[in-house]
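Working notes, beginning with the structure itself.
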Amino acid sequence: MSQPVVTSQQAAAARSKPDTLTNQQRKTRLAWLFLAPSLIIIAIVAIWPLVQTLYQSFTDAILASPQPVHFVGLDNYKRLLQDISFRDSIATTVRFTLITVVFETILGMIIALVINSNFKGRGLMRTAMLVPWAIPTVVSAEMWQWMYNDVYGVIDDLLMKLHIISHPVAFLALPSTALPAVAAIDIWKTTPFMALLLLAGLQIIPSDVYEASKIDGANAVQQYFRITLPLLRPALMVALIFRTLDALRVFDVIYVVFGSRPDTMTMAVYNQQYIVNFSDLGYGTTISVAIFIIIAIFVVVYVTIFKVETD
Amino acid sequence: MATSIPAQPATPRAATTGSKQSAGKIVSRVLFYLLVAVILFYTLAPFYWAIRSSFTGASELFATPISYFPHKPTFDNYAKVFENGDFRRALLNSTVVAGVVTLLALLFGSLAAYALGRFKFRGRTPVLYLILSMTMFPGIAILGALYALIKQFGLYNTLTALILTDLVFTLPFTVWVLSSFFKQMPGALEEAAYVDGATPFQTFYKVLLPLSAPGMVTTGLLAFIGAWNEFLFAVSFTATPDKRTVNPAILYFSGASGSSFDIPWGQRMAATVIVTIPIVVLVLIFQRRILAGLTAGAVKG
């Protein structure tokens, strides 16, 4: 991580330029100079808004309103604790996260193992995996919405031909199937990305480990659970954290397919509604803070589990 | 360094032993290729369906039983989409926003990445952690405050607002990935430049920047794709069709017919195909670089 990257240059520069500033001081000043534009932009577009979010969550601010803003203490947070709709949106988000992360991990693992084998066309397959990942979520959501159409859609048609359903089902409209159906869109779009992350992890496992275990008489299943999975754990962990964070803040696919439909609202959709549709900055930012904390808890839990496991 | 992926030895699969080896081998090969076929079908079939629908006329598209191949392929949907001024405008807006965001992120990001990748100074580690945490930052957490800021500065419903807010995630990402590229460069050339009396800035842009071109291309591509696909800010901070980027434009796409009862799915599918094409072309051309960039940040953990 932090090797002494400039030591010999320091020596060279020190010889050529005697100055009041030491060489290290000059380097440090220069480094901050190079960092300055990026840090200023990040401060303006991310850190300052974050501080503002926290502050506004203690006020009754209304967006673009001439009315004076009052400090209301913990009122918004009290309201949040009573807010059943927000609780529902947390439950929806967690369900969505569980469904998508579990399926994406299992399917992604299978695809990664397949691509990691030696066969004709693996290059083509790896390229094909990049395409769903690269397209906008809005596009994948539109494509699937049309496939889900209960009159002219291909999914109902195929399921009926296979005699899995006897009459057309509006999967996205039914409360019982809406969330799994929209999760399927996310799984389709993101599984390839998961596969590529896991594939990168698989490819740094040295092949002689497998050869040695083969000589010792291990079969494929033993090899997978005793060698592949333990050695893949770091890559798997990183992929899981990335995917969980993404799933917890899911907005695009839900918003495109359902708009602000109450029974399928995730935390982010609920939050966006308060800010953009209701202009309720005070309560909206309170929801933001809550989402931030919920996501942070997940990260801490993951990292703790990972630390315990590696020790 | 580009971790271009070398051909790998086969992973453990069907460890066949004994006399039935050849028969078992053939069966496992067949099953394996069947699995490959299933995966490719799953990945690509939705694209086929979008393309098929985009070339199907309305009378055939809205008829049962549905046809799996357009009997009378037509460019009608595409013609109508391109006649739609709002959609043409949205394509232009998206190109401008994603392009400017990418350029700004590379310009400022490469300087910062150079400092983080090649200099040792106090405060380097905290800055790295700050950047890393920013790359995982949930945009929704600052939506309200950003919205207020944008209104305050009169930037609501402008492309400038989208460019600025897209930097929230593209800039930290660019700095992070590029700094890992810079760190992996050999130090010898840099030293030679210093010995020859080059200033650090000259060293940066005459020696290191050309060397980092592959990394810049990779990072720039990923930043471009990220900005092109951005939706939350795009749908929240724009209000009129002439300021929309393609993603909200597709969402609000109602077609030219004006009838609110039937959604023009043929045209919608044509629009999604049009939006997807530039991304797919970029992916096909630069697939190795993209893979390298995606895994550079992730695998090291």
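Chain labels follow the order of the structure tokens: the first chain is A, the next B, and so on; residue numbering restarts at 1 in every chain, and ligands are counted from 1 in their shown order.
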
Residues at most 10 Å from A:Thr28, counting only C-alpha atoms, excluding those fewer than 3 positions away in the same chain, as a list of chain:residue names? A:Asn23, A:Gln24, A:Gln25, A:Ala31, A:Trp32, A:Leu33, A:Phe34, B:Ala115, B:Phe119, B:Lys120, B:Phe121, B:Arg122, B:Gly123, B:Arg124

Need to verify the contact set: stretch 185-187 of chain A, 9 Å, only C-alpha atoms, exclusion of same-chain residues closer than 6 positions in sequence. Can you return it as a VMD selection string? chain A and resid 99 to 101 103 to 104 107 137 140 to 141 144 to 145 247 253

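Using only C-alpha atoms, the residues found no farther than 9 Å from stretch 71-87 of chain B, other than those of its own chain fewer than 5 positions away, are Arg52, Ser54, Phe55, Thr56, Gly57, Ala58, Glu60, Leu92, Pro241, Asp242, Arg244, Thr245, Val246, Ala249, Ile250, Phe253, Gly255, Ala256, Pro264, Gly266, Gln267, Arg268, Met269, Ala270, Ala271 and Ile274 of chain B.
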
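Counting only C-alpha atoms, the residue from A:Asp216, A:Asp75, A:Asp246, A:Asp263 that sits nearest to chain B is A:Asp246.
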
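Distances from B:Leu111, B:Leu178, B:Leu103, B:Ile277 to B:Tyr205 were compared using only C-alpha atoms, and the smallest one belongs to B:Leu111.
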
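Nearest to chain B of all the residues A:Leu202, A:Leu281, A:Ala212, A:Ile110 is A:Leu281, counting only C-alpha atoms.
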
Would you pick out the contacts of stretch 146-163 of chain B at 10 Å or less, using only C-alpha atoms, so that residues sharing its chain but fewer than 3 positions from it are not included, and give the list as a PyMOL selection string? (chain A and resi 44-46+48-50+52-53+61-64+275-276+279+281) or (chain B and resi 93-94+96-102+104+139-143+166-168+227+230+233-245)

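With atom CA of A:Ala181 on one side and atom CA of A:Asn271 on the other, the separation reads 22.5 Å.
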
Close residues, B:Tyr114 itself excluded, 9 Å, only C-alpha atoms, min 4 positions apart in chain, as a PyMOL selection string: (chain A and resi 31+34-35) or (chain B and resi 109-110+118-119+175+178-179+182-183+204+208)

Create the file for the chosen residues now, containing C-alpha atoms and written as a compact mmCIF listing (two decimals), in the first residue's frame.
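This is the output file selection.txt:
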# COMPACT_ATOMS: atom_id res chain seq x y z
CA ALA A 31 0.77 16.87 -3.54
CA PHE A 34 -2.59 18.47 -7.16
CA LEU A 35 -5.26 17.19 -4.82
CA GLY B 109 -8.92 13.04 -11.08
CA SER B 110 -5.61 12.30 -12.79
CA ARG B 118 3.36 8.69 -6.55
CA PHE B 119 3.88 10.95 -3.53
CA VAL B 175 -9.29 9.17 -8.47
CA LEU B 178 -6.32 5.97 -11.50
CA SER B 179 -4.28 6.14 -8.30
CA PHE B 182 -0.19 5.28 -11.08
CA LYS B 183 1.02 3.28 -8.11
CA PHE B 204 3.50 14.25 -14.59
CA LEU B 208 3.56 9.67 -16.48

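Closest approach to chain A among B:Ala45, B:Met185, B:Phe32, B:Ala145: B:Ala145, based on only C-alpha atoms.
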